[in-house]
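Q: Supplied structure: run_2.cif, mmCIF, C-alpha atoms.
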data_run
loop_
_atom_site.label_atom_id
_atom_site.label_comp_id
_atom_site.auth_asym_id
_atom_site.auth_seq_id
_atom_site.Cartn_x
_atom_site.Cartn_y
_atom_site.Cartn_z
CA MET A 1 13.03 140.80 142.03
CA PHE A 2 14.89 141.86 138.88
CA ALA A 3 16.28 138.34 138.46
CA ILE A 4 12.75 136.93 138.50
CA ILE A 5 11.58 139.63 136.08
CA GLY A 6 14.54 138.82 133.83
CA ILE A 7 13.66 135.12 133.77
CA LEU A 8 10.07 135.96 132.86
CA VAL A 9 11.28 138.27 130.09
CA VAL A 10 13.56 135.56 128.66
CA VAL A 11 10.81 132.94 128.71
CA GLY A 12 8.21 135.38 127.41
CA ALA A 13 10.40 136.61 124.54
CA VAL A 14 11.43 133.11 123.42
CA MET A 15 7.96 131.60 123.69
CA GLY A 16 6.28 134.70 122.29
CA GLY A 17 8.48 134.72 119.19
CA TYR A 18 7.95 130.98 118.75
CA LEU A 19 4.18 131.36 118.93
CA MET A 20 4.27 134.30 116.51
CA GLU A 21 5.65 131.84 113.95
CA HIS A 22 2.74 129.51 114.78
CA GLY A 23 4.95 127.06 116.65
CA ASN A 24 3.49 124.17 118.64
CA ILE A 25 4.33 124.47 122.34
CA LYS A 26 3.75 120.74 122.86
CA VAL A 27 6.74 119.98 120.64
CA LEU A 28 9.03 121.80 123.10
CA ILE A 29 7.87 119.68 126.03
CA GLN A 30 10.47 116.92 125.94
CA PRO A 31 11.04 115.49 129.45
CA ALA A 32 13.65 113.04 128.17
CA GLU A 33 15.79 115.88 126.79
CA LEU A 34 15.57 117.71 130.11
CA VAL A 35 16.61 114.57 131.98
CA ILE A 36 19.65 114.13 129.73
CA ILE A 37 20.77 117.78 129.85
CA GLY A 38 19.84 118.52 133.46
CA GLY A 39 21.14 115.26 134.86
CA ALA A 40 24.40 115.39 132.91
CA SER A 41 25.07 119.02 133.87
CA LEU A 42 24.40 118.22 137.53
CA GLY A 43 26.75 115.27 137.23
CA THR A 44 29.54 117.47 135.85
CA VAL A 45 29.20 119.76 138.86
CA LEU A 46 29.38 116.80 141.24
CA ILE A 47 32.46 115.46 139.46
CA ALA A 48 34.30 118.78 139.39
CA ASN A 49 33.67 120.07 142.93
CA PRO A 50 34.15 118.87 146.51
CA LEU A 51 31.28 118.93 148.99
CA HIS A 52 32.06 122.31 150.60
CA ILE A 53 31.93 124.09 147.23
CA LEU A 54 28.62 122.39 146.39
CA LYS A 55 27.22 123.67 149.68
CA THR A 56 28.48 127.17 148.89
CA ILE A 57 26.83 127.10 145.46
CA ALA A 58 23.53 126.00 147.01
CA SER A 59 23.68 128.70 149.70
CA SER A 60 24.69 131.43 147.23
CA LEU A 61 21.97 130.87 144.63
CA PRO A 62 19.10 132.32 146.73
CA GLY A 63 21.00 135.61 146.86
CA VAL A 64 20.45 135.98 143.12
CA PHE A 65 16.70 136.30 143.73
CA THR A 66 16.67 138.17 147.05
CA GLY A 67 18.83 141.07 145.90
CA SER A 68 21.91 142.66 147.43
CA LYS A 69 22.01 143.18 151.18
CA PHE A 70 24.67 145.88 150.84
CA THR A 71 22.28 148.81 150.67
CA LYS A 72 22.81 152.44 151.60
CA GLN A 73 21.08 151.79 154.92
CA LEU A 74 23.45 148.95 155.76
CA TYR A 75 26.43 151.20 155.05
CA LEU A 76 24.96 153.99 157.19
CA ASP A 77 24.26 151.62 160.09
CA SER A 78 27.68 149.99 159.82
CA LEU A 79 29.53 153.30 159.75
CA LYS A 80 27.48 154.52 162.71
CA MET A 81 28.33 151.31 164.54
CA MET A 82 32.04 151.77 163.80
CA TYR A 83 31.84 155.40 164.90
CA ASP A 84 30.33 154.41 168.26
CA LEU A 85 32.90 151.69 168.69
CA LEU A 86 35.89 153.86 167.78
CA ASN A 87 34.60 156.80 169.80
CA ARG A 88 34.56 154.53 172.82
CA ALA A 89 38.11 153.39 172.05
CA ARG A 90 39.22 157.03 171.77
CA LYS A 91 37.82 157.84 175.21
CA GLU A 92 38.63 154.64 177.11
CA GLY A 93 41.48 153.12 175.07
CA LEU A 94 41.61 150.16 172.72
CA MET A 95 41.59 147.72 175.63
CA ALA A 96 38.00 148.78 176.32
CA LEU A 97 36.98 146.98 173.13
CA GLU A 98 38.30 143.59 174.24
CA ALA A 99 34.98 142.40 175.66
CA ASP A 100 33.11 143.67 172.57
CA VAL A 101 35.21 141.78 170.05
CA GLU A 102 35.33 138.58 172.13
CA ASP A 103 31.53 138.29 172.35
CA PRO A 104 29.80 140.64 169.89
CA SER A 105 26.32 139.36 170.78
CA LYS A 106 26.73 140.76 174.32
CA SER A 107 28.47 143.96 173.26
CA PRO A 108 26.51 147.16 174.04
CA VAL A 109 27.57 148.48 170.62
CA PHE A 110 27.34 145.42 168.33
CA SER A 111 24.08 144.21 169.90
CA LYS A 112 22.32 147.33 168.54
CA TYR A 113 22.95 146.00 165.02
CA PRO A 114 21.59 142.40 164.94
CA ILE A 115 21.81 142.16 161.14
CA PHE A 116 25.55 142.76 161.32
CA VAL A 117 26.06 140.32 164.22
CA LYS A 118 24.09 137.56 162.44
CA ASP A 119 26.35 137.81 159.39
CA HIS A 120 29.19 135.76 160.84
CA HIS A 121 31.72 136.57 158.15
CA LEU A 122 31.31 140.34 158.34
CA CYS A 123 31.19 140.29 162.14
CA ASP A 124 34.24 138.02 162.41
CA PHE A 125 36.15 140.18 159.93
CA VAL A 126 35.68 143.32 162.04
CA CYS A 127 36.13 141.60 165.40
CA ASP A 128 39.24 139.67 164.36
CA SER A 129 40.80 142.84 162.98
CA LEU A 130 40.03 144.86 166.10
CA ARG A 131 41.27 142.00 168.26
CA MET A 132 44.66 142.28 166.58
CA ALA A 133 44.61 146.04 167.17
CA VAL A 134 43.79 145.53 170.84
CA SER A 135 46.71 143.10 171.14
CA GLY A 136 49.07 145.84 169.96
CA THR A 137 49.58 145.10 166.26
CA GLU A 138 50.95 148.10 164.38
CA PRO A 139 48.56 149.75 161.87
CA PHE A 140 50.82 148.96 158.90
CA ASP A 141 51.09 145.28 159.83
CA LEU A 142 47.37 145.07 160.57
CA ASP A 143 46.57 146.66 157.21
CA GLN A 144 48.58 143.98 155.43
CA LEU A 145 46.87 141.26 157.48
CA ILE A 146 43.42 142.62 156.64
CA GLU A 147 44.34 142.83 152.96
CA LEU A 148 45.46 139.20 153.05
CA ASP A 149 42.19 138.18 154.71
CA MET A 150 40.19 140.03 152.05
CA ASP A 151 42.17 138.49 149.19
CA VAL A 152 41.67 134.97 150.53
CA HIS A 153 37.95 135.51 151.05
CA HIS A 154 37.50 137.04 147.60
CA HIS A 155 39.34 134.10 146.03
CA TRP A 156 37.12 131.53 147.72
CA SER A 157 34.01 133.57 146.89
CA ALA A 158 34.95 133.25 143.22
CA VAL A 159 35.41 129.45 143.31
CA PRO A 160 31.68 128.49 143.37
CA ILE A 161 31.00 131.15 140.74
CA ALA A 162 33.62 129.62 138.46
CA SER A 163 32.06 126.19 139.03
CA LEU A 164 28.62 127.47 138.05
CA SER A 165 30.11 129.19 134.98
CA THR A 166 31.71 125.90 133.98
CA MET A 167 28.34 124.21 134.29
CA ALA A 168 26.82 126.90 132.06
CA ASP A 169 29.56 126.42 129.47
CA SER A 170 28.87 122.68 129.39
CA LEU A 171 25.15 123.04 128.68
CA PRO A 172 25.38 123.73 124.90
CA GLY A 173 27.61 120.67 124.49
CA LEU A 174 25.24 118.54 126.54
CA GLY A 175 22.40 119.84 124.38
CA ILE A 176 24.27 118.51 121.36
CA VAL A 177 24.66 115.17 123.15
CA ALA A 178 20.89 115.04 123.65
CA ALA A 179 20.37 115.98 119.99
CA VAL A 180 22.77 113.26 118.81
CA LEU A 181 20.91 110.68 120.86
CA GLY A 182 17.69 111.92 119.29
CA VAL A 183 19.20 111.51 115.82
CA VAL A 184 20.26 107.96 116.72
CA ILE A 185 16.66 107.19 117.69
CA THR A 186 15.45 108.86 114.48
CA MET A 187 17.77 106.72 112.35
CA GLY A 188 16.28 103.65 113.95
CA ALA A 189 12.82 104.80 112.92
CA LEU A 190 13.63 105.30 109.23
CA GLY A 191 11.08 103.65 107.04
CA GLY A 192 8.25 104.50 109.40
CA PRO A 193 5.54 107.12 108.91
CA PRO A 194 6.88 110.61 108.00
CA GLU A 195 5.00 112.13 110.94
CA GLU A 196 6.82 109.91 113.39
CA ILE A 197 10.22 110.69 111.88
CA GLY A 198 9.44 114.42 111.90
CA HIS A 199 8.45 114.25 115.58
CA LYS A 200 11.70 112.49 116.53
CA VAL A 201 13.82 115.01 114.59
CA ALA A 202 12.01 117.86 116.34
CA ALA A 203 12.61 116.24 119.72
CA ALA A 204 16.32 115.93 118.91
CA LEU A 205 16.59 119.60 117.94
CA VAL A 206 14.81 120.62 121.15
CA GLY A 207 17.80 119.20 123.05
CA THR A 208 20.15 121.68 121.37
CA PHE A 209 17.64 124.48 121.94
CA LEU A 210 17.33 123.72 125.66
CA GLY A 211 21.09 123.46 126.18
CA ILE A 212 21.76 126.85 124.60
CA LEU A 213 18.80 128.52 126.31
CA LEU A 214 19.74 127.24 129.77
CA CYS A 215 23.35 128.35 129.26
CA TYR A 216 22.86 131.89 127.97
CA GLY A 217 19.40 132.61 129.33
CA PHE A 218 19.57 131.29 132.90
CA ILE A 219 22.70 129.68 134.39
CA GLY A 220 25.24 132.06 132.83
CA PRO A 221 23.43 135.23 134.00
CA MET A 222 23.01 133.71 137.48
CA ALA A 223 26.78 133.16 137.71
CA SER A 224 27.32 136.76 136.57
CA ASN A 225 24.92 137.99 139.25
CA MET A 226 26.77 136.00 141.91
CA THR A 227 30.03 137.62 140.77
CA LYS A 228 28.55 141.07 141.39
CA ILE A 229 27.33 139.99 144.84
CA ALA A 230 30.85 138.82 145.72
CA ASP A 231 32.27 142.14 144.50
CA GLU A 232 29.79 144.05 146.65
CA GLU A 233 30.82 142.09 149.72
CA HIS A 234 34.48 142.77 148.92
CA ALA A 235 33.67 146.50 148.65
CA PHE A 236 31.97 146.43 152.06
CA LEU A 237 34.99 144.79 153.65
CA GLN A 238 37.18 147.44 152.05
CA VAL A 239 35.08 150.16 153.72
CA MET A 240 35.48 148.46 157.10
CA ARG A 241 39.21 148.18 156.48
CA VAL A 242 39.51 151.87 155.68
CA VAL A 243 37.65 153.04 158.78
CA MET A 244 39.67 150.82 161.13
CA ILE A 245 43.08 151.62 159.68
CA SER A 246 42.31 155.35 159.49
CA PHE A 247 41.44 155.40 163.18
CA LEU A 248 44.48 153.37 164.19
CA LYS A 249 46.70 155.83 162.30
CA GLY A 250 45.42 158.62 164.52
CA THR A 251 42.36 159.96 162.68
CA ALA A 252 39.42 161.08 164.82
CA PRO A 253 36.47 158.65 164.72
CA ILE A 254 34.16 161.06 162.89
CA MET A 255 36.85 161.71 160.29
CA ALA A 256 37.62 157.99 159.99
CA VAL A 257 34.03 157.20 159.04
CA GLU A 258 34.06 160.11 156.57
CA VAL A 259 37.19 158.68 154.94
CA ALA A 260 35.47 155.29 154.79
CA ARG A 261 32.37 156.88 153.23
CA ARG A 262 34.52 157.87 150.25
CA ALA A 263 35.28 154.16 149.71
CA VAL A 264 31.59 153.20 149.49
CA PRO A 265 30.45 152.32 145.93
CA GLY A 266 28.73 155.29 144.30
CA HIS A 267 25.26 153.75 143.85
CA VAL A 268 24.87 153.15 147.61
CA ARG A 269 27.14 155.87 149.00
CA PRO A 270 25.42 158.02 151.63
CA SER A 271 25.91 161.76 151.39
CA PHE A 272 28.13 163.76 153.74
CA GLN A 273 25.04 165.20 155.44
CA GLU A 274 23.37 161.79 155.83
CA LEU A 275 26.41 160.31 157.52
CA GLU A 276 26.96 163.28 159.81
CA LYS A 277 23.30 163.30 160.82
CA LYS A 278 23.43 159.55 161.50
CA CYS A 279 26.53 159.84 163.68
CA ARG A 280 25.44 162.98 165.50
CA GLY A 281 22.13 161.32 166.27
CA GLY A 282 24.04 159.18 168.75
CA GLY A 283 24.30 162.08 171.14
CA ASP A 284 27.93 163.05 171.68
CA ALA A 285 29.32 162.98 168.14
CA GLU A 286 31.57 165.83 167.10
CA PRO A 287 30.81 167.55 163.78
CA VAL A 288 33.11 166.60 160.94
CA ALA A 289 34.14 170.21 160.37
CA ASP A 290 35.12 170.63 164.03
CA ALA A 291 37.13 167.41 163.93
CA ALA A 292 38.98 168.59 160.83
CA ALA A 293 39.76 171.94 162.43
CA ALA A 294 41.03 170.21 165.56
CA GLY A 295 43.29 168.00 163.44
CA GLN A 296 44.75 171.03 161.65
CA SER A 297 45.40 172.92 164.88
CA ALA A 298 47.12 169.86 166.32
#
How does this structure look as structure tokens?

A:
Amino acid sequence: MFAIIGILVVVGAVMGGYLMEHGNIKVLIQPAELVIIGGASLGTVLIANPLHILKTIASSLPGVFTGSKFTKQLYLDSLKMMYDLLNRARKEGLMALEADVEDPSKSPVFSKYPIFVKDHHLCDFVCDSLRMAVSGTEPFDLDQLIELDMDVHHHWSAVPIASLSTMADSLPGLGIVAAVLGVVITMGALGGPPEEIGHKVAAALVGTFLGILLCYGFIGPMASNMTKIADEEHAFLQVMRVVMISFLKGTAPIMAVEVARRAVPGHVRPSFQELEKKCRGGGDAEPVADAAAAGQSA
């Protein structure tokens, strides 16, 4: 929503200021300039990137307009899901989770959270990590493995963003290319009517205008937005990492999710009371204060 509003603001401000100076909108409509700039910028992306990165760019762009999926509600649901899962492991042992992590869609815990199960990367991240825990991997070794997984994913999340940023950086130069071609055409029309020469010069300058506007007004901000989306996904994985490692180190499930809550970014972090109410709503959850007291007495 805000991305769409931002685009409208950019267009409205540029066109509004132009019209305030009594500019002619028809002069800015230059399909040939758009073909040169748009086609050349698309070509640079095709030259610079293999097919799988092109697919990632195409699949990531809609996220700029739909907004972040990592909301407070998603964090609450995910922490409640992890609490239920870890509470079961505490009562029945880690081996009880083997069936859950092998087929999450049929798991009595995971199946309650279809949004999480449908996101294959998030689901695979949690299931693969718990699978290693079930197989007997030590918490320290598993922590390093999870960190490696997160680093690799974050690196590859940044690759399509870098490609889009490169495309944005090329747009002003391609606008100059379009302007130079317009000047070449203008030079060929010297000696003609002044109105015709003036029109061709204006068309050439529109190329530079479009290249700069597309770079700094549209494509560059989109790449920046995609960077923030990748950072939010990395933060979510970090929360899942914290809750799993805390539990495997011996922390009670309710305390593990409380530790993980502290790792949630501030703008979507649920409060202590919200998390406790969410977990206790499951039926047999122990209050956080009681769990802390039990840990101290132990």

Q: For the provided coordinates, the residues matched by the PyMOL selection byres ((chain A and resi 117-133) around 10) should be stated as a PyMOL selection string.

A: chain A and resi 82+94-95+97-105+110-116+134-139+141-143+145-146+149-150+153+233+236-237+240-241+244-245+248

Q: Hey, what comes out of the PyMOL selection byres ((chain A and resi 207) around 8) on this file? Could you write it as a VMD selection string?

A: chain A and resid 33 to 34 37 175 to 179 203 to 206 208 to 211

Q: Which one of A:Leu46, A:Val64, A:Leu51, A:Met15 sits closest to Met222 of chain A if you count all atoms listed in the file?

A: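 That would be A:Val64, the residue with the smallest distance to Met222 of chain A.
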
Q: Taking into account only C-alpha atoms, which residue in the set A:Ala168, A:Leu79, A:Ile161, A:Val10 is nearest to Val264 of chain A?

A: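 Closest residue, counting only C-alpha atoms: A:Leu79.
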
Q: Selected by the PyMOL selection byres ((chain A and resi 2) around 12) in the shown coordinates: which residues, as a PyMOL selection string?

A: chain A and resi 1+3-9+63-68+221-222+225
